[in-house]
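This report refers to the structure that appears directly beneath it.
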Amino acid sequence: MKRIYRWYKRWSLATRQFLFLFIVTFAFFILLAWNNYYKAADLFKNQMVSDSVTLIARTNQFLDTYLDNSRNVLLLLSTDANLLREGDSRHISESLRFIVENNSALVETLYFVRKDGQVFASSQLNYDIIGNPQLDSIVGMSLKSYGAVVVSQPYVSPLSGQTVSISRPVTDDNGDSIGVAVIELNLENLNRKISEYTSSSYQTFVIMSDTDSVVAFDRDNGILPQKPGTYHEDLPEAFVGNLAKLPVTASEMSGPTGKLVVVKSGQNRLGWTLLVLIKDRYFYQNVIRLFDNYKAAASIWFVVLLFMAFAMSRYMTKSVRMLAIKMDRVHDMGVIPSLVVKRDDEIGRLSQSFNAMMERIRNLLQETKQMEERKKLLELKVLQSQIAPHFLYNTLACIGSLAKQHRTQEVKETIRALVGVLSLSFDKTSEFITVKEELEGLNMYMQIQKIRYGDKFSFVQEIDPEALSCTILKLTLQPILENAVFHGVVPSHFGNGLISVRGSVRNGKLRFFIRDNGAGMEKSKLRKALDEQMEEPSRERSSGIGMANVHHRLRLHYGAAYGLRIGSVPNAGTVVCITLPALQQ
């Protein structure tokens, strides 16, 4: 191996590139041709299956017509009810024989069984000698059908051979039953007609009843297995069982001559299922000519490729390839590539310029990362500065009013709550606090609002203990609660407003639901609620920190998968869902 490698290294760069390009390109061509060959076979197979589906649909239409014609024969027989009820056996048998002769392609034997049990047949003499043991059960099923047409399972009749019967009660003009008419179908003729346009050297058919019994199949083309030692050359039970288990679509199964593709239909009006079986080898026989074309094209491409690979190898160098590989890695900013420069020619200068560009990109990435960190820190300060001055004015005015009323205890509570809110906003240096700390500030804020508005609303919070130790961005909940107070319950309720905060941890995510039963929002405002840019402080709120600002902060810190979702119904209320990662302190 080492000797071969040393021999390979002695080759010129152009020779090595020539061999590389030639082998890779030719192998790709062979792989592509091979793939197209099998795709063409699949295309032929799909087309054949599609044609088989169409053929099955037309065959089922033919079978439905077969049923309609049988029903018409039964109706024709019932038109002469007086003859059937009171006529002698000779006239009735002649009438039955006349109907069979005019419908010989459809009917093999026609029976009429009177209500008193007397049987008339189109072949009366044969029936009197041989009989038909299946007739009693067929008549019994027909009498239980309440006048409907009944299709039997396949059976062997002494008069008709392998057949299927179609029966129907016959009534007189008063609707009274006078007997049952039974048709034994000419399955041999049916088999022959279906074989004319469904059977060939590569495909055949099988018709099965709703109880998975074989009604008809082509016995002559050798595609289907034969059960040895049977008079009617029946199909083996195992093969029939496998056919019955196939889904109503195209499937594959084994046959006596190899793999078969089976296209199965749903049940038609007779309750029968039609299956078309196609030799799998047939699909590949149709692409042999295409394969020959591929071989001819491959020979031509071989010569062309030799010339092209030789010409291209003279203009390519190892350094250029290495430079291209490094440049392809530029999209991965986690690893900034660089080149080892060992040349002083044009390729070397190009490599030096590439290294200088990569170093500049590395510095810009570091500067961008630092600027993003500073932006996050400054954003909290901007949000803190957005607390409107009239919040302090209103709170101090409220304190002054309480003092004039000598409500000393409430003055103390209001001042304590105000100090707590201001401490939460300004005193802590970190932009992250625990949920417990955020709730403490939230309670102090709501205490001020309760003193200000009295009993206009009530406040409820339900927080899972697991969520209390999670860390969140400071001032995440207060702006949402503030919006619920000033734009929800205060404008719309007098004494029955309700604001609730619920928090839980599920599947690694921390979720808060803030609900109010206030004024709600119109759909037009709802769509814009989270799309606005950072707002200026509003005079209608005690803080200019709006929902859009909170949403923007959360997405900036945690990513696009987190933030706010809002649902609202005018005059019914609003619910805000806040989704955060469940990060423990």
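Residue numbers start at 1 in each chain; chains themselves are named A, B, ... in the order of the structure tokens; ligands are numbered from 1 in the order shown.
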Would you pick out the contacts of Gly503 of chain A at 12 Å or less, using only C-alpha atoms, so that residues sharing its chain but fewer than 5 positions from it are not included, and give the list as a JSON list (two decimals) with N, CA and C atoms, in the first residue's frame?
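part.json written:
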[["chain", "number", "residue", "atom", "x", "y", "z"],
["A", 435, "VAL", "N", -39.24, 34.41, 40.66],
["A", 435, "VAL", "CA", -40.68, 34.63, 40.57],
["A", 435, "VAL", "C", -41.22, 35.12, 41.91],
["A", 436, "LYS", "N", -40.68, 34.60, 42.99],
["A", 436, "LYS", "CA", -41.13, 35.02, 44.32],
["A", 436, "LYS", "C", -40.90, 36.50, 44.52],
["A", 439, "LEU", "N", -43.32, 38.52, 42.43],
["A", 439, "LEU", "CA", -44.66, 38.52, 43.02],
["A", 439, "LEU", "C", -44.74, 39.46, 44.22],
["A", 460, "VAL", "N", -56.42, 37.88, 42.53],
["A", 460, "VAL", "CA", -56.19, 36.50, 42.97],
["A", 460, "VAL", "C", -54.94, 35.99, 42.27],
["A", 461, "GLN", "N", -54.10, 35.26, 43.01],
["A", 461, "GLN", "CA", -52.92, 34.64, 42.40],
["A", 461, "GLN", "C", -52.78, 33.20, 42.88],
["A", 462, "GLU", "N", -52.45, 32.31, 41.91],
["A", 462, "GLU", "CA", -52.23, 30.90, 42.19],
["A", 462, "GLU", "C", -50.94, 30.48, 41.49],
["A", 463, "ILE", "N", -49.88, 30.33, 42.24],
["A", 463, "ILE", "CA", -48.57, 30.02, 41.69],
["A", 463, "ILE", "C", -48.09, 28.70, 42.26],
["A", 464, "ASP", "N", -47.68, 27.76, 41.38],
["A", 464, "ASP", "CA", -47.13, 26.49, 41.84],
["A", 464, "ASP", "C", -45.85, 26.74, 42.64],
["A", 465, "PRO", "N", -45.64, 26.00, 43.72],
["A", 465, "PRO", "CA", -44.41, 26.18, 44.51],
["A", 465, "PRO", "C", -43.14, 25.99, 43.68],
["A", 466, "GLU", "N", -43.20, 25.10, 42.71],
["A", 466, "GLU", "CA", -42.01, 24.85, 41.88],
["A", 466, "GLU", "C", -41.62, 26.08, 41.07],
["A", 467, "ALA", "N", -42.62, 26.93, 40.75],
["A", 467, "ALA", "CA", -42.35, 28.10, 39.93],
["A", 467, "ALA", "C", -41.72, 29.24, 40.71],
["A", 468, "LEU", "N", -41.87, 29.26, 42.03],
["A", 468, "LEU", "CA", -41.40, 30.39, 42.83],
["A", 468, "LEU", "C", -39.90, 30.57, 42.75],
["A", 469, "SER", "N", -39.15, 29.48, 42.60],
["A", 469, "SER", "CA", -37.69, 29.58, 42.58],
["A", 469, "SER", "C", -37.13, 29.80, 41.18],
["A", 470, "CYS", "N", -37.98, 29.83, 40.16],
["A", 470, "CYS", "CA", -37.51, 30.09, 38.80],
["A", 470, "CYS", "C", -37.13, 31.55, 38.64],
["A", 477, "LEU", "N", -44.14, 40.71, 34.87],
["A", 477, "LEU", "CA", -45.57, 40.57, 35.17],
["A", 477, "LEU", "C", -46.25, 41.91, 35.42],
["A", 509, "LYS", "N", -41.04, 24.35, 30.77],
["A", 509, "LYS", "CA", -41.46, 25.72, 30.45],
["A", 509, "LYS", "C", -42.26, 26.30, 31.60],
["A", 510, "LEU", "N", -42.02, 27.58, 31.86],
["A", 510, "LEU", "CA", -42.73, 28.33, 32.89],
["A", 510, "LEU", "C", -43.80, 29.18, 32.21],
["A", 511, "ARG", "N", -45.05, 29.01, 32.62],
["A", 511, "ARG", "CA", -46.15, 29.74, 31.98],
["A", 511, "ARG", "C", -46.95, 30.50, 33.03],
["A", 512, "PHE", "N", -47.29, 31.75, 32.68],
["A", 512, "PHE", "CA", -48.17, 32.58, 33.49],
["A", 512, "PHE", "C", -49.40, 32.93, 32.66],
["A", 513, "PHE", "N", -50.57, 32.87, 33.31],
["A", 513, "PHE", "CA", -51.82, 33.28, 32.68],
["A", 513, "PHE", "C", -52.41, 34.42, 33.51],
["A", 514, "ILE", "N", -52.50, 35.61, 32.91],
["A", 514, "ILE", "CA", -53.05, 36.78, 33.59],
["A", 514, "ILE", "C", -54.40, 37.08, 32.93],
["A", 515, "ARG", "N", -55.47, 36.96, 33.71],
["A", 515, "ARG", "CA", -56.83, 37.12, 33.20],
["A", 515, "ARG", "C", -57.51, 38.29, 33.89],
["A", 576, "VAL", "N", -53.72, 36.90, 28.99],
["A", 576, "VAL", "CA", -52.37, 37.00, 28.44],
["A", 576, "VAL", "C", -51.58, 35.80, 28.93],
["A", 577, "CYS", "N", -51.00, 35.03, 28.00],
["A", 577, "CYS", "CA", -50.16, 33.88, 28.34],
["A", 577, "CYS", "C", -48.70, 34.27, 28.13],
["A", 578, "ILE", "N", -47.90, 34.13, 29.18],
["A", 578, "ILE", "CA", -46.47, 34.42, 29.12],
["A", 578, "ILE", "C", -45.73, 33.09, 29.19],
["A", 579, "THR", "N", -44.92, 32.79, 28.19],
["A", 579, "THR", "CA", -44.16, 31.54, 28.14],
["A", 579, "THR", "C", -42.67, 31.84, 28.28],
["A", 580, "LEU", "N", -42.02, 31.19, 29.26],
["A", 580, "LEU", "CA", -40.60, 31.39, 29.54],
["A", 580, "LEU", "C", -39.95, 30.03, 29.76],
["A", 582, "ALA", "N", -38.09, 27.40, 32.04],
["A", 582, "ALA", "CA", -38.10, 27.19, 33.49],
["A", 582, "ALA", "C", -36.65, 27.09, 33.98]]
(request) Would you please extract all helix (DSSP H, G or I) residues from segment 215-285 of chain A, as assigned by DSSP on the backbone, and give them as number ranges by chain? (result) A: 237-245, 280-285
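Atom CA of Gln124 of chain A lies 9.8 Å from atom CA of Leu110 of chain A.
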(message) Write out as an NGL selection string the set of residues from segment 115-208 of chain A that DSSP, computed on the backbone, places in strand (DSSP E).
(response) :A and (119-121 or 150-151 or 155-157 or 161-163 or 165-171 or 177-185 or 203-208)
Same residues, N, CA and C atoms, output as a short mmCIF file (atom, residue, chain, number, x, y, z; two decimals), in the first residue's frame:
data_model
loop_
_atom_site.label_atom_id
_atom_site.label_comp_id
_atom_site.auth_asym_id
_atom_site.auth_seq_id
_atom_site.Cartn_x
_atom_site.Cartn_y
_atom_site.Cartn_z
N VAL A 119 -91.54 -27.24 -7.34
CA VAL A 119 -90.42 -26.62 -8.02
C VAL A 119 -90.59 -26.77 -9.53
N PHE A 120 -90.42 -25.66 -10.27
CA PHE A 120 -90.44 -25.65 -11.72
C PHE A 120 -89.06 -25.18 -12.19
N ALA A 121 -88.53 -25.80 -13.22
CA ALA A 121 -87.19 -25.47 -13.70
C ALA A 121 -87.21 -25.34 -15.21
N VAL A 150 -81.32 -11.45 -3.46
CA VAL A 150 -80.31 -12.12 -2.65
C VAL A 150 -79.30 -12.80 -3.57
N VAL A 151 -78.01 -12.53 -3.34
CA VAL A 151 -76.93 -13.16 -4.09
C VAL A 151 -76.28 -14.19 -3.19
N TYR A 155 -71.34 -22.09 -5.36
CA TYR A 155 -71.57 -23.50 -5.04
C TYR A 155 -71.62 -24.28 -6.35
N VAL A 156 -71.63 -25.60 -6.22
CA VAL A 156 -71.70 -26.48 -7.39
C VAL A 156 -73.12 -26.99 -7.53
N SER A 157 -73.76 -26.65 -8.65
CA SER A 157 -75.14 -27.07 -8.91
C SER A 157 -75.14 -28.29 -9.82
N GLY A 161 -73.50 -26.57 -12.76
CA GLY A 161 -72.07 -26.62 -12.46
C GLY A 161 -71.70 -25.56 -11.43
N GLN A 162 -70.45 -25.07 -11.51
CA GLN A 162 -70.01 -23.99 -10.61
C GLN A 162 -70.82 -22.74 -10.92
N THR A 163 -71.53 -22.23 -9.93
CA THR A 163 -72.46 -21.13 -10.20
C THR A 163 -72.68 -20.30 -8.95
N SER A 165 -76.21 -18.12 -7.37
CA SER A 165 -77.63 -17.88 -7.60
C SER A 165 -78.02 -16.47 -7.19
N ILE A 166 -79.02 -15.95 -7.91
CA ILE A 166 -79.66 -14.68 -7.57
C ILE A 166 -81.15 -14.96 -7.45
N SER A 167 -81.73 -14.66 -6.30
CA SER A 167 -83.13 -15.02 -6.04
C SER A 167 -83.90 -13.82 -5.54
N ARG A 168 -85.25 -13.96 -5.69
CA ARG A 168 -86.13 -12.87 -5.26
C ARG A 168 -87.54 -13.42 -5.09
N PRO A 169 -88.24 -13.05 -4.01
CA PRO A 169 -89.63 -13.47 -3.87
C PRO A 169 -90.50 -12.87 -4.98
N VAL A 170 -91.51 -13.65 -5.42
CA VAL A 170 -92.45 -13.19 -6.44
C VAL A 170 -93.80 -13.00 -5.77
N THR A 171 -94.41 -11.84 -6.02
CA THR A 171 -95.70 -11.52 -5.42
C THR A 171 -96.72 -11.25 -6.51
N SER A 177 -97.17 -13.15 -1.44
CA SER A 177 -96.10 -13.99 -1.98
C SER A 177 -96.70 -15.25 -2.61
N ILE A 178 -96.23 -15.56 -3.84
CA ILE A 178 -96.68 -16.78 -4.51
C ILE A 178 -95.53 -17.76 -4.70
N GLY A 179 -94.31 -17.32 -4.37
CA GLY A 179 -93.17 -18.22 -4.51
C GLY A 179 -91.87 -17.45 -4.63
N VAL A 180 -90.80 -18.15 -5.03
CA VAL A 180 -89.47 -17.56 -5.14
C VAL A 180 -88.90 -17.92 -6.50
N ALA A 181 -88.35 -16.91 -7.21
CA ALA A 181 -87.67 -17.12 -8.48
C ALA A 181 -86.17 -17.17 -8.23
N VAL A 182 -85.49 -18.15 -8.81
CA VAL A 182 -84.05 -18.35 -8.58
C VAL A 182 -83.35 -18.46 -9.93
N ILE A 183 -82.29 -17.66 -10.10
CA ILE A 183 -81.45 -17.73 -11.30
C ILE A 183 -80.10 -18.32 -10.90
N GLU A 184 -79.66 -19.34 -11.62
CA GLU A 184 -78.29 -19.82 -11.49
C GLU A 184 -77.49 -19.25 -12.66
N LEU A 185 -76.50 -18.42 -12.33
CA LEU A 185 -75.76 -17.68 -13.35
C LEU A 185 -74.85 -18.59 -14.15
N GLN A 203 -50.93 -11.11 -16.92
CA GLN A 203 -51.86 -10.77 -15.86
C GLN A 203 -53.10 -11.64 -15.93
N THR A 204 -53.79 -11.75 -14.80
CA THR A 204 -55.01 -12.52 -14.70
C THR A 204 -55.90 -11.89 -13.64
N PHE A 205 -57.00 -12.57 -13.31
CA PHE A 205 -57.95 -11.99 -12.37
C PHE A 205 -58.51 -13.08 -11.46
N VAL A 206 -59.04 -12.64 -10.32
CA VAL A 206 -59.79 -13.50 -9.40
C VAL A 206 -60.95 -12.67 -8.87
N ILE A 207 -62.15 -13.28 -8.83
CA ILE A 207 -63.33 -12.65 -8.22
C ILE A 207 -63.67 -13.42 -6.96
N MET A 208 -63.81 -12.69 -5.83
CA MET A 208 -64.11 -13.32 -4.55
C MET A 208 -65.39 -12.72 -3.98
#
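In this comparison, which uses only C-alpha atoms, the residue of A:Gly255, A:Leu275, A:Lys450, A:Lys227 approaching Val215 of chain A most closely is A:Leu275.
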(request) Mind checking which residues fall within 10 Å of Asn132 of chain A, counting only C-alpha atoms, ignoring those fewer than 2 positions away in the same chain, and posting them as a VMD selection string? (result) chain A and resid 126 to 130 134 to 136 156 to 160
(request) Skip segment 95-97 of chain A itself and residues of its chain fewer than 5 positions away, then list as an MDAnalysis selection string all residues within 12 Å of it, counting only C-alpha atoms. (result) chainID A and resid 73:74 76:81 83:84 87:90 102:104 107:113 119:125 181:183
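Between atom CA of Arg219 of chain A and atom CA of Val263 of chain A the interatomic distance comes to 18.6 Å.
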(message) For segment 303-305 of chain A, find every residue with an atom within 12 Å (counting only C-alpha atoms), except residues of its own chain fewer than 2 positions away, and show them as a list in words.
(response) Phe18, Leu19, Phe20, Leu21, Phe22, Ile23, Val24, Thr25, Phe26, Ala27, Phe28, Phe29, Ala296, Ala297, Ala298, Ser299, Ile300, Trp301, Phe307, Met308, Ala309, Phe310, Ala311, Met312 and Ser313 of chain A
